[in-house]
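Source file upload.cif; content: mmCIF, C-alpha atoms and all ligand atoms.
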data_upload
#
loop_
_atom_site.label_atom_id
_atom_site.label_comp_id
_atom_site.auth_asym_id
_atom_site.auth_seq_id
_atom_site.Cartn_x
_atom_site.Cartn_y
_atom_site.Cartn_z
CA MET S 1 0.00 0.00 0.00
CA THR S 2 1.47 3.32 -0.98
CA LEU S 3 1.27 6.44 1.17
CA PHE S 4 1.40 8.80 -1.79
CA PRO S 5 0.02 11.14 -2.91
CA LEU S 6 0.03 13.14 0.31
CA THR S 7 -2.66 15.80 0.16
CA VAL S 8 -2.50 18.84 2.42
CA ARG S 9 -5.38 21.31 2.43
CA GLY S 10 -5.59 24.46 4.51
CA ALA S 11 -3.30 22.93 7.14
CA GLN S 12 -2.51 25.28 9.95
CA THR S 13 -0.95 25.15 13.37
CA VAL S 14 -1.54 27.89 15.90
CA ARG S 15 0.22 28.36 19.26
CA ARG S 16 -1.01 30.90 21.76
CA GLY S 17 -2.95 32.74 19.10
CA ARG S 18 0.01 32.92 16.70
CA VAL S 19 -0.01 31.09 13.37
CA LEU S 20 3.26 29.13 13.20
CA VAL S 21 2.51 27.47 9.90
CA GLY S 22 -0.27 27.77 7.38
CA PRO S 23 -2.59 27.75 5.82
CA VAL S 24 -0.66 25.27 3.68
CA ASP S 25 -1.89 23.50 0.54
CA LEU S 26 0.54 20.94 -0.79
CA ASP S 27 0.49 17.83 -2.95
CA LEU S 28 3.44 15.50 -2.60
CA THR S 29 3.54 12.69 -5.08
CA GLY S 30 6.50 10.86 -3.61
CA ALA S 31 9.05 12.01 -6.13
CA GLY S 32 12.17 10.84 -4.30
CA ALA S 33 13.49 13.62 -2.07
CA THR S 34 11.46 16.68 -1.14
CA VAL S 35 13.74 19.33 0.35
CA VAL S 36 12.13 22.00 2.51
CA MET S 37 14.10 25.25 2.44
CA GLY S 38 13.58 28.75 3.74
CA PRO S 39 14.99 31.30 6.17
CA ASN S 40 15.19 30.79 9.96
CA GLY S 41 11.76 30.71 11.54
CA SER S 42 9.93 30.25 8.23
CA GLY S 43 8.27 27.09 9.56
CA LYS S 44 10.34 24.23 8.12
CA THR S 45 10.53 22.22 11.34
CA THR S 46 6.89 22.84 12.15
CA LEU S 47 5.83 21.78 8.65
CA LEU S 48 7.77 18.50 8.92
CA ARG S 49 6.27 17.84 12.34
CA LEU S 50 2.78 18.60 11.02
CA LEU S 51 3.13 16.26 8.05
CA HIS S 52 4.45 13.54 10.36
CA GLY S 53 1.56 14.04 12.78
CA ALA S 54 3.84 15.22 15.59
CA ALA S 55 2.49 18.77 15.71
CA ARG S 56 -1.16 19.50 16.31
CA LEU S 57 -3.21 20.47 13.32
CA THR S 58 -5.36 23.43 14.33
CA ALA S 59 -7.22 23.61 11.02
CA GLY S 60 -7.27 21.85 7.67
CA GLN S 61 -6.42 18.35 6.57
CA ILE S 62 -3.40 16.16 5.95
CA LYS S 63 -4.24 12.96 4.12
CA TRP S 64 -2.02 10.10 3.06
CA ALA S 65 -3.28 7.81 0.30
CA SER S 66 -3.46 4.89 2.75
CA ASP S 67 -5.36 4.68 6.00
CA GLU S 68 -4.00 6.64 8.91
CA GLY S 69 -2.94 3.74 11.10
CA TYR S 70 -0.88 2.17 8.34
CA ALA S 71 0.59 5.54 7.35
CA ARG S 72 1.79 6.00 10.91
CA THR S 73 3.78 2.75 10.82
CA GLN S 74 5.41 3.77 7.54
CA GLN S 75 7.14 6.96 8.70
CA GLY S 76 10.45 7.60 10.38
CA PHE S 77 11.72 10.89 11.79
CA VAL S 78 15.30 12.01 12.36
CA PHE S 79 15.66 15.07 14.55
CA GLN S 80 18.31 17.74 14.35
CA ARG S 81 19.65 16.62 17.72
CA PRO S 82 19.34 12.88 18.06
CA VAL S 83 17.65 11.36 21.09
CA MET S 84 19.45 8.23 22.28
CA LEU S 85 18.52 5.53 24.73
CA ARG S 86 21.14 5.26 27.47
CA ARG S 87 22.07 1.86 26.16
CA THR S 88 24.49 0.42 23.64
CA VAL S 89 24.42 1.26 19.97
CA LEU S 90 23.24 -2.28 19.22
CA GLU S 91 20.38 -2.01 21.72
CA ASN S 92 19.36 1.36 20.28
CA LEU S 93 19.19 -0.21 16.83
CA MET S 94 17.26 -3.23 18.07
CA TYR S 95 14.71 -1.14 19.94
CA PRO S 96 12.29 -0.19 17.13
CA LEU S 97 12.29 -3.77 15.88
CA ARG S 98 11.66 -5.22 19.35
CA MET S 99 8.80 -2.69 19.75
CA ARG S 100 7.27 -4.19 16.64
CA GLY S 101 7.53 -7.72 17.96
CA VAL S 102 10.62 -8.86 16.05
CA GLY S 103 12.38 -11.71 17.92
CA LYS S 104 15.61 -10.95 19.75
CA ALA S 105 17.95 -12.95 17.51
CA ASP S 106 16.47 -11.53 14.31
CA ALA S 107 16.49 -7.99 15.71
CA GLN S 108 20.15 -8.40 16.65
CA LEU S 109 21.05 -9.64 13.20
CA GLN S 110 19.31 -6.73 11.48
CA ALA S 111 20.80 -4.26 13.98
CA ARG S 112 24.31 -5.50 13.12
CA GLU S 113 23.58 -5.20 9.41
CA TRP S 114 22.32 -1.63 9.74
CA GLY S 115 25.16 -0.70 12.07
CA GLU S 116 27.52 -1.80 9.34
CA ARG S 117 25.61 0.02 6.63
CA VAL S 118 26.05 3.38 8.39
CA GLY S 119 29.66 2.76 9.43
CA LEU S 120 29.10 1.97 13.12
CA ALA S 121 30.15 -1.69 13.01
CA ASP S 122 33.04 -1.13 15.43
CA LEU S 123 30.94 0.81 17.92
CA LEU S 124 28.00 -1.54 18.45
CA ASP S 125 28.89 -2.21 22.10
CA ARG S 126 29.58 1.44 22.96
CA ALA S 127 27.09 3.33 25.14
CA ALA S 128 25.16 5.51 22.68
CA PRO S 129 25.45 8.75 24.72
CA HIS S 130 29.25 8.43 24.44
CA LEU S 131 29.26 8.63 20.66
CA SER S 132 30.38 11.75 18.81
CA GLY S 133 27.75 14.01 17.25
CA GLY S 134 28.28 12.53 13.80
CA GLU S 135 28.14 8.97 15.11
CA GLN S 136 24.97 9.73 17.05
CA GLN S 137 23.35 11.13 13.94
CA LYS S 138 24.31 8.03 11.96
CA LEU S 139 22.79 5.92 14.70
CA ALA S 140 19.62 8.01 14.65
CA LEU S 141 19.44 7.55 10.90
CA ALA S 142 19.92 3.78 11.04
CA ARG S 143 17.41 3.51 13.88
CA ALA S 144 14.82 5.43 11.85
CA MET S 145 15.48 3.36 8.73
CA ILE S 146 15.69 -0.07 10.31
CA THR S 147 11.93 -0.64 10.07
CA GLN S 148 12.17 0.39 6.41
CA PRO S 149 9.50 3.08 6.43
CA GLN S 150 8.17 4.36 3.11
CA VAL S 151 8.82 7.93 4.20
CA LEU S 152 11.68 9.33 6.19
CA PHE S 153 11.49 12.87 7.62
CA LEU S 154 14.78 14.53 8.44
CA ASP S 155 15.00 17.90 10.17
CA GLU S 156 18.38 19.48 9.38
CA PRO S 157 20.06 16.09 9.73
CA THR S 158 23.61 17.38 9.26
CA ALA S 159 23.34 20.88 10.75
CA ALA S 160 25.91 20.31 13.49
CA LEU S 161 28.24 18.01 11.56
CA ASP S 162 31.53 18.39 9.72
CA GLY S 163 32.08 17.68 6.04
CA ARG S 164 33.05 14.07 6.45
CA ALA S 165 30.08 13.10 8.63
CA THR S 166 27.80 15.04 6.28
CA ARG S 167 29.15 13.12 3.29
CA GLU S 168 28.67 9.79 5.04
CA ILE S 169 25.11 10.63 5.98
CA GLU S 170 24.32 11.85 2.48
CA ALA S 171 25.66 8.55 1.11
CA VAL S 172 23.18 6.67 3.31
CA LEU S 173 20.40 8.99 2.14
CA HIS S 174 21.29 8.45 -1.52
CA ALA S 175 21.16 4.69 -0.94
CA ALA S 176 17.81 5.07 0.81
CA LYS S 177 16.46 7.02 -2.15
CA ALA S 178 17.77 4.42 -4.58
CA SER S 179 15.94 1.73 -2.62
CA GLY S 180 12.68 3.65 -3.10
CA MET S 181 12.40 5.37 0.27
CA GLN S 182 10.85 8.84 0.09
CA LEU S 183 12.74 11.57 1.90
CA ILE S 184 11.23 14.79 3.21
CA LEU S 185 14.03 16.86 4.69
CA SER S 186 14.79 20.38 5.73
CA THR S 187 18.23 21.83 5.32
CA HIS S 188 20.07 25.14 5.41
CA ASP S 189 22.83 23.70 3.33
CA LEU S 190 22.29 24.77 -0.27
CA GLY S 191 24.87 22.29 -1.54
CA GLN S 192 23.10 19.48 0.25
CA ALA S 193 19.74 20.57 -1.15
CA LYS S 194 21.18 20.52 -4.67
CA ARG S 195 22.77 17.12 -4.13
CA LEU S 196 19.66 15.47 -2.74
CA ALA S 197 16.53 17.28 -3.92
CA ASP S 198 14.14 16.07 -6.57
CA GLU S 199 11.72 18.80 -5.61
CA VAL S 200 11.84 21.84 -3.35
CA VAL S 201 9.27 23.34 -1.01
CA PHE S 202 10.35 26.91 -0.23
CA MET S 203 8.82 28.25 2.99
CA LEU S 204 8.38 31.89 3.92
CA HIS S 205 6.48 33.24 6.96
CA GLY S 206 4.88 29.87 7.64
CA ARG S 207 3.50 29.45 4.12
CA VAL S 208 4.61 27.47 1.11
CA HIS S 209 5.99 30.20 -1.09
CA GLU S 210 7.18 28.04 -3.94
CA HIS S 211 6.92 24.32 -4.74
CA SER S 212 8.69 23.08 -7.82
CA THR S 213 11.08 20.55 -9.24
CA ALA S 214 14.62 20.95 -7.97
CA ARG S 215 15.77 21.86 -11.43
CA ASN S 216 13.24 24.66 -11.82
CA PHE S 217 13.82 25.94 -8.31
CA PHE S 218 17.59 26.16 -8.59
CA ASP S 219 17.79 27.23 -12.24
CA ALA S 220 14.76 29.49 -12.51
CA PRO S 221 13.16 30.35 -9.16
CA LYS S 222 9.86 32.10 -9.71
CA SER S 223 9.76 34.55 -6.82
CA LEU S 224 12.02 37.43 -5.89
CA GLN S 225 12.38 36.01 -2.38
CA ALA S 226 13.53 32.60 -3.62
CA ARG S 227 16.03 34.29 -5.92
CA ALA S 228 17.33 36.38 -3.04
CA PHE S 229 17.51 33.32 -0.78
CA LEU S 230 19.52 31.40 -3.37
CA ARG S 231 21.91 34.33 -3.72
CA GLY S 232 22.49 34.19 0.02
CA ASP S 233 20.77 37.52 0.68
CA ILE S 234 18.73 38.09 3.81
CA VAL S 235 15.09 37.29 3.07
CA GLU S 236 12.38 38.78 5.26
N1 LIG N 301 6.72 25.23 20.47
C1 LIG N 301 6.63 26.45 19.97
N2 LIG N 301 5.96 27.41 20.64
C2 LIG N 301 5.84 28.66 20.14
N3 LIG N 301 6.40 29.04 18.97
C3 LIG N 301 7.08 28.12 18.26
C4 LIG N 301 7.21 26.78 18.72
N4 LIG N 301 7.96 26.10 17.80
C5 LIG N 301 8.23 26.99 16.83
N5 LIG N 301 7.72 28.19 17.10
C6 LIG N 301 7.77 29.40 16.23
O1 LIG N 301 7.21 29.03 14.98
C7 LIG N 301 7.91 29.63 13.89
C8 LIG N 301 8.41 28.55 12.95
O2 LIG N 301 9.44 27.81 13.60
P1 LIG N 301 10.19 26.58 12.94
O3 LIG N 301 11.12 26.03 13.95
O4 LIG N 301 9.19 25.68 12.34
O5 LIG N 301 11.00 27.31 11.76
P2 LIG N 301 12.25 26.79 10.96
O6 LIG N 301 12.05 27.29 9.55
O7 LIG N 301 12.45 25.36 11.15
O8 LIG N 301 13.41 27.63 11.64
P3 LIG N 301 15.00 27.32 11.75
O9 LIG N 301 15.53 27.42 10.37
O10 LIG N 301 15.46 28.46 12.63
O11 LIG N 301 15.12 25.98 12.38
C9 LIG N 301 9.03 30.46 14.54
O12 LIG N 301 8.60 31.78 14.60
C10 LIG N 301 9.18 29.86 15.94
O13 LIG N 301 9.62 30.84 16.83
#
Conversion result in structure tokens:
Amino acid sequence: MTLFPLTVRGAQTVRRGRVLVGPVDLDLTGAGATVVMGPNGSGKTTLLRLLHGAARLTAGQIKWASDEGYARTQQGFVFQRPVMLRRTVLENLMYPLRMRGVGKADAQLQAREWGERVGLADLLDRAAPHLSGGEQQKLALARAMITQPQVLFLDEPTAALDGRATREIEAVLHAAKASGMQLILSTHDLGQAKRLADEVVFMLHGRVHEHSTARNFFDAPKSLQARAFLRGDIVE
């Protein structure tokens, strides 16, 4: 069962009388990687959380093509700052599988495989909170992917990382895309957006300002604000 298209109509989230995001209308067809861009405070994180069902929808609708319960099991989320269990890397990787009733031996086997895939094979017995920032983010990525969700949300997944860790994480994301996983990620890193995006959602003041193919967005942005943003100017 496919989750796409995702249909968003008049979606809005309000906190203490202030509109954080919306109203947003958006149709995502599952075209590989959707990169959400925009200046600080434009609502990227809130939009991702809304689409994932982690932020409360004050008005409007967000509908996946499949039923809601199934859609929930088919989504992973990687936060900007990873949240680790105070256990070993292996146990962190096994956790989502065990939660879904996978047997211990099988979970361990898959956890080892995924640990290897993201370059953590030598650190499986290390306490997760003792990993470096880059290692923790790789663990968070593997832990979100281990259940093989159809959609993976990533909120600035490499914001605090150096070039090498960023490259390694992007390699995992390219492999995920190639395997058919849909990515919806926010990033400040223009280079990363160009490397990963199939389409771009450009946010401004809590609204979707532009939604187009990556090629059109980077080569011929429609709005003045998007052009200014791509030039590195301050956009208000
Ligand atoms: N829990 C909250 N309570 C009140 N206001 C919030 C909350 N979370 C976010 N906001 C506000 O909502 C707006 C959108 O924030 P959001 O974090 O979604 O933007 P962003 O584009 O991800 O920003 P950045 O690039 O700085 O991470 C901002 O004005 C922010 O201050």
Legend entry - Non-local contacts of Val201 of chain S (12 Å; all atoms listed in the file; under 6 positions in same chain excluded) as a PyMOL selection string: chain S and resi 24-28+33-38+42-44+47-48+184-187+193+207-214+216-218+221+226
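The shortest atom-to-atom distance to ligand LIG 301 (chain N), with all atoms listed in the file taken into account, belongs to S:Asn40 out of S:Ala144, S:Asn40, S:Ala59, S:Leu6.
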Legend entry - ligand LIG 301 (chain N) neighbours within 10 Å using all atoms listed in the file, as an MDAnalysis selection string: chainID S and resid 13:21 36:50 55 80 155:156 159 186:188 202:206
Legend entry - Point (29.6, 11.3, 18.0), cut-off 12 Å, counting only C-alpha atoms, residues as a list in words: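 Taken together, the residues in range are Arg81, Pro82, Met84, Val89, Leu120, Leu123, Arg126, Ala127, Ala128, Pro129, His130, Leu131, Ser132, Gly133, Gly134, Glu135, Gln136, Gln137, Lys138, Leu139, Ala140, Ala160, Leu161, Asp162 and Ala165 of chain S.
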Legend entry - Proximity to Asp219 of chain S - best of S:Val200, S:Trp114, S:Leu109, S:Lys104, only C-alpha atoms: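 Ranking S:Val200, S:Trp114, S:Leu109, S:Lys104 by distance to Asp219 of chain S, first place goes to S:Val200.
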Inset, instruction - Return the single residue from S:Val235, S:Leu90, S:Val83, S:Val8 that is closest to Leu51 of chain S, with distances computed using only C-alpha atoms. - result: S:Val8
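Between atom CA of Arg86 of chain S and atom CA of Asp125 of chain S the separation is 12.0 Å.
Atom CA of Gly119 of chain S lies 25.9 Å from atom CA of Thr73 of chain S.
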Inset, instruction - Would you list the contacts of Thr2 of chain S as a PyMOL selection string, taking every protein, DNA or RNA residue within 8 Å and counting only C-alpha atoms, but skipping same-chain residues closer than 4 positions in sequence? - result: chain S and resi 65-66+150
Inset, instruction - Quick one: pull the distance between atom CA of Thr147 of chain S and atom CA of Arg98 of chain S, Å, one decimal. - result: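 Between atom CA of Thr147 of chain S and atom CA of Arg98 of chain S the gap is 10.4 Å.
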Legend entry - Test item: residues at most 12 Å from Ser179 of chain S, all atoms listed in the file, excluding those fewer than 4 positions along its chain, as an NGL selection string: :S and (32 or 145 or 148-151 or 172-175 or 183)
Segment 137-146 of chain S: axis-aligned bounding box, 5 Å on each side, centre and edge lengths in Å, one decimal, as AutoDock Vina command-line options:
--center_x 19.6 --center_y 5.5 --center_z 11.7 --size_x 19.5 --size_y 21.2 --size_z 16.0
